[in-house]
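S.K.: The structure follows.
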Amino acid sequence: MRIGLLGGAFNPPHDGHLKLARLALDHLDLDELRFVPTALSPHKPDPGGPGSEARLRLLSEALEGVDPRCKLEPLELERGGTSYTVDTLETLTGRQPEAAWILIMGSDQLPGLPSWRRVARVFELASAAVALRPGAPFLAPPIPGLQACPSWSGRPGEFVALPGTDLDLASTGLRERLQTSPHEDPGGVPPQVLSTIRSENLYR
């Protein structure tokens with residue numbers, strides 16, 4: 001089984017996340033794509049906003065009606081504490097040793113990749129598929145065991161390119177617009193998610 005993992009705070013989930021998921025499904029021949037919301041990111045300060053239960057519910061609503069291969073993976077929220085990709089991969093590999101894993105990310109994440117905890121171990125367990133984001137060049141960092149490939153074979157340690165989403169969306173900007181103009185459409189938030197944000201006064 002070929003499984004993509006798309007991690008993040010999803011605070012809030014937006015159309016850029018959904019388009020990246022569709023690109024991964026279309027280009028990587030995935031059997032599943034799992035959205036993995038973090039408990040606490042080791043790379044970014046806690047931005048505040050809704051708690052983990054609310055973020056999980058918003059993400060579930062964002063996935064309504066999308067490709068049925070898209071699933072929620074709450075492992076990091078259930079584990080709590082700081083979310084490290086290597087811990088998640090080791091747990092998932094223990095559960096499904098026959099699966100092939102690939103991390104789905106934007107090119108803005110590449111400069112920080114060498115600082116990930118036990119990054120060489122990450123790429124003993126998984127590959128990476130990277131979509132170009134505006135202002136973030138597509139440069140593969142020098143990581144032992146990671147090599148650029150034209151397509152994903154299903155083996156770990158491969159680094160492949162995805163098309164860009166052409167959506168310059170970021171949760172940080174959306175949170176700011178939701179806080180400062182709560183009655184205006186911030187743009188890029190699925191309507192069912194925006195409805196819940198407003199009805200529950202989230203991001204206020």
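Chain labels follow the order of the structure tokens: the first chain is A, the next B, and so on; residue numbering restarts at 1 in every chain, and ligands are counted from 1 in their shown order.
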Which polymer residues have any atom within 9 Å of an atom of Leu5 of chain A, counting only C-alpha atoms, with same-chain residues fewer than 3 positions away left out, as a list in words?

M.R.: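 So the residues in contact are Glu32, Leu33, Arg34, Phe35, Val36, Glu73, Trp101, Ile102, Leu103, Ile104 and Met105 of chain A.
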
S.K.: Go ahead and dump the residues you just picked, N, CA and C atoms, as a PDB file, in the first residue's frame.

M.R.:
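out.pdb, freshly written:
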```
ATOM      1  N   GLU A  32      -3.787   5.792  -0.322  1.00  0.00           N
ATOM      2  CA  GLU A  32      -4.361   6.645   0.719  1.00  0.00           C
ATOM      3  C   GLU A  32      -3.519   7.905   0.849  1.00  0.00           C
ATOM      4  N   LEU A  33      -4.160   8.987   1.285  1.00  0.00           N
ATOM      5  CA  LEU A  33      -3.440  10.170   1.714  1.00  0.00           C
ATOM      6  C   LEU A  33      -3.976  10.536   3.094  1.00  0.00           C
ATOM      7  N   ARG A  34      -3.113  10.548   4.085  1.00  0.00           N
ATOM      8  CA  ARG A  34      -3.537  10.822   5.458  1.00  0.00           C
ATOM      9  C   ARG A  34      -3.106  12.223   5.879  1.00  0.00           C
ATOM     10  N   PHE A  35      -4.073  12.994   6.348  1.00  0.00           N
ATOM     11  CA  PHE A  35      -3.803  14.295   6.943  1.00  0.00           C
ATOM     12  C   PHE A  35      -3.431  14.066   8.407  1.00  0.00           C
ATOM     13  N   VAL A  36      -2.270  14.589   8.805  1.00  0.00           N
ATOM     14  CA  VAL A  36      -1.734  14.324  10.141  1.00  0.00           C
ATOM     15  C   VAL A  36      -1.597  15.648  10.899  1.00  0.00           C
ATOM     16  N   GLU A  73      -5.532  11.161  10.227  1.00  0.00           N
ATOM     17  CA  GLU A  73      -4.651  10.358  11.070  1.00  0.00           C
ATOM     18  C   GLU A  73      -4.370  11.166  12.345  1.00  0.00           C
ATOM     19  N   TRP A 101       5.630   4.708   2.552  1.00  0.00           N
ATOM     20  CA  TRP A 101       5.231   6.021   3.055  1.00  0.00           C
ATOM     21  C   TRP A 101       5.943   7.126   2.291  1.00  0.00           C
ATOM     22  N   ILE A 102       5.205   8.216   2.027  1.00  0.00           N
ATOM     23  CA  ILE A 102       5.822   9.384   1.409  1.00  0.00           C
ATOM     24  C   ILE A 102       5.249  10.641   2.056  1.00  0.00           C
ATOM     25  N   LEU A 103       6.151  11.534   2.464  1.00  0.00           N
ATOM     26  CA  LEU A 103       5.760  12.787   3.087  1.00  0.00           C
ATOM     27  C   LEU A 103       5.437  13.807   2.007  1.00  0.00           C
ATOM     28  N   ILE A 104       4.310  14.502   2.162  1.00  0.00           N
ATOM     29  CA  ILE A 104       3.875  15.515   1.203  1.00  0.00           C
ATOM     30  C   ILE A 104       4.119  16.877   1.827  1.00  0.00           C
ATOM     31  N   MET A 105       4.839  17.752   1.128  1.00  0.00           N
ATOM     32  CA  MET A 105       5.177  19.052   1.715  1.00  0.00           C
ATOM     33  C   MET A 105       5.361  20.106   0.636  1.00  0.00           C
TER      34      MET A 105
END
```

S.K.: Among the residues of segment 34-173 of chain A, find those DSSP assigns to strand (DSSP E) from the backbone and print them as a PyMOL selection string.

M.R.: chain A and resi 34-37+70-72+100-106+126-131+147-148+158-162

S.K.: With a cut-off of 9 Å, could you pull out the residues of segment 104-130 of chain A touching segment 152-175 of chain A and give me the nearest pair of atoms for each, distance in Å to one decimal, using only C-alpha atoms, ordered by chain and ascending number, as a Markdown table?

M.R.:
```
| residue | atom | partner | partner_atom | distance |
| --- | --- | --- | --- | --- |
| A:Gly106 | CA | A:Gly164 | CA | 8.3 |
| A:Ala120 | CA | A:Gly157 | CA | 8.9 |
| A:Val122 | CA | A:Gly157 | CA | 8.4 |
| A:Phe123 | CA | A:Gly157 | CA | 4.7 |
| A:Glu124 | CA | A:Pro156 | CA | 5.8 |
| A:Leu125 | CA | A:Pro156 | CA | 5.6 |
| A:Ala126 | CA | A:Pro156 | CA | 4.4 |
| A:Ser127 | CA | A:Pro156 | CA | 4.6 |
| A:Ala128 | CA | A:Phe159 | CA | 5.0 |
| A:Ala129 | CA | A:Val160 | CA | 4.8 |
| A:Val130 | CA | A:Ala161 | CA | 5.0 |
```

S.K.: For the selection just defined, write its residues with N, CA and C atoms to a file, as a short mmCIF file (atom, residue, chain, number, x, y, z; two decimals), in the first residue's frame.

M.R.:
```cif
data_model
loop_
_atom_site.label_atom_id
_atom_site.label_comp_id
_atom_site.auth_asym_id
_atom_site.auth_seq_id
_atom_site.Cartn_x
_atom_site.Cartn_y
_atom_site.Cartn_z
N GLY A 106 5.40 21.36 1.06
CA GLY A 106 5.71 22.46 0.18
C GLY A 106 7.19 22.79 0.21
N ALA A 120 17.95 11.47 9.15
CA ALA A 120 18.39 10.31 8.36
C ALA A 120 17.46 9.12 8.58
N VAL A 122 14.28 9.36 9.34
CA VAL A 122 13.03 9.68 8.62
C VAL A 122 13.08 9.10 7.21
N PHE A 123 14.22 9.29 6.54
CA PHE A 123 14.30 8.86 5.14
C PHE A 123 14.79 7.43 4.97
N GLU A 124 15.01 6.75 6.08
CA GLU A 124 15.09 5.29 6.03
C GLU A 124 13.68 4.68 5.99
N LEU A 125 12.71 5.46 6.44
CA LEU A 125 11.33 4.96 6.55
C LEU A 125 10.41 5.51 5.47
N ALA A 126 10.73 6.66 4.90
CA ALA A 126 9.80 7.32 3.98
C ALA A 126 10.56 8.07 2.89
N SER A 127 9.80 8.47 1.88
CA SER A 127 10.29 9.38 0.85
C SER A 127 9.63 10.74 1.05
N ALA A 128 9.93 11.69 0.15
CA ALA A 128 9.34 13.02 0.22
C ALA A 128 8.91 13.47 -1.17
N ALA A 129 7.71 14.05 -1.24
CA ALA A 129 7.21 14.67 -2.47
C ALA A 129 6.97 16.14 -2.17
N VAL A 130 7.55 17.01 -2.99
CA VAL A 130 7.59 18.44 -2.67
C VAL A 130 6.97 19.25 -3.79
#
```

S.K.: Using only C-alpha atoms, what does the table of segment 18-69 of chain A residues within 8 Å of segment 11-14 of chain A look like, with each row giving the shortest atom pair and its distance in Å to one decimal, sorted by chain and ascending number, as CSV?

M.R.:
```
residue,atom,partner,partner_atom,distance
A:Leu18,CA,A:His14,CA,6.8
A:Gly49,CA,A:Asn11,CA,7.3
A:Pro50,CA,A:Asn11,CA,7.7
A:Arg55,CA,A:Asn11,CA,6.4
A:Leu58,CA,A:Pro13,CA,7.0
A:Leu59,CA,A:Pro13,CA,5.9
A:Ala62,CA,A:Pro13,CA,6.7
```

S.K.: Restricting it to C-alpha atoms, dump the selection as a PDB file, in the first residue's frame.

M.R.:
```pdb
ATOM      1  CA  LEU A  18      -6.745  20.305  -0.305  1.00  0.00           C
ATOM      2  CA  GLY A  49      -6.213  29.505  18.095  1.00  0.00           C
ATOM      3  CA  PRO A  50      -8.572  26.592  18.660  1.00  0.00           C
ATOM      4  CA  ARG A  55      -8.751  21.746  14.759  1.00  0.00           C
ATOM      5  CA  LEU A  58     -12.408  21.608  11.205  1.00  0.00           C
ATOM      6  CA  LEU A  59     -10.075  19.317   9.269  1.00  0.00           C
ATOM      7  CA  ALA A  62     -12.661  20.273   5.184  1.00  0.00           C
TER       8      ALA A  62
END
```

S.K.: Which residue is closest to Leu132 of chain A? Choose from A:Pro68, A:Gly16, A:Glu184, A:Pro42 and count only C-alpha atoms.

M.R.: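 Counting only C-alpha atoms, the residue closest to Leu132 of chain A is A:Gly16.
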
S.K.: Among segment 22-104 of chain A, which residues carry a DSSP assignment of helix (DSSP H, G or I), reported as JSON, numbers by chain?

M.R.: {"A": [22, 23, 24, 25, 26, 27, 28, 52, 53, 54, 55, 56, 57, 58, 59, 60, 61, 62, 75, 76, 77, 78, 79, 85, 86, 87, 88, 89, 90, 91, 92, 93, 94, 95]}

S.K.: Counting only C-alpha atoms, what is within 6 Å of Arg2 of chain A, bar same-chain residues fewer than 6 positions away, as a PyMOL selection string?

M.R.: chain A and resi 30-31+100

S.K.: Let me make sure I understand: among A:Asp87, A:Glu76, A:Asp185, A:Glu64, which one has the smallest atom-to-atom distance to Ser52 of chain A if we use only C-alpha atoms?

M.R.: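 Of the candidates, the smallest distance to Ser52 of chain A is held by A:Glu76.
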
S.K.: Using only C-alpha atoms, can you tell me which of A:Asn201, A:His27, A:Pro186, A:Gly8 comes closest to Pro150 of chain A?

M.R.: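 Of the candidates, the smallest distance to Pro150 of chain A is held by A:His27.
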
S.K.: So, with only C-alpha atoms as the atoms that count, which of A:Ala9, A:Ala21, A:Ala39, A:Ala148 lies closest to Thr88 of chain A?

M.R.: A:Ala39

S.K.: Nearest to Leu25 of chain A: which of A:Gly4, A:Phe10, A:Gly145, A:Leu40 is it, counting only C-alpha atoms?

M.R.: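 Closest candidate: A:Gly4.
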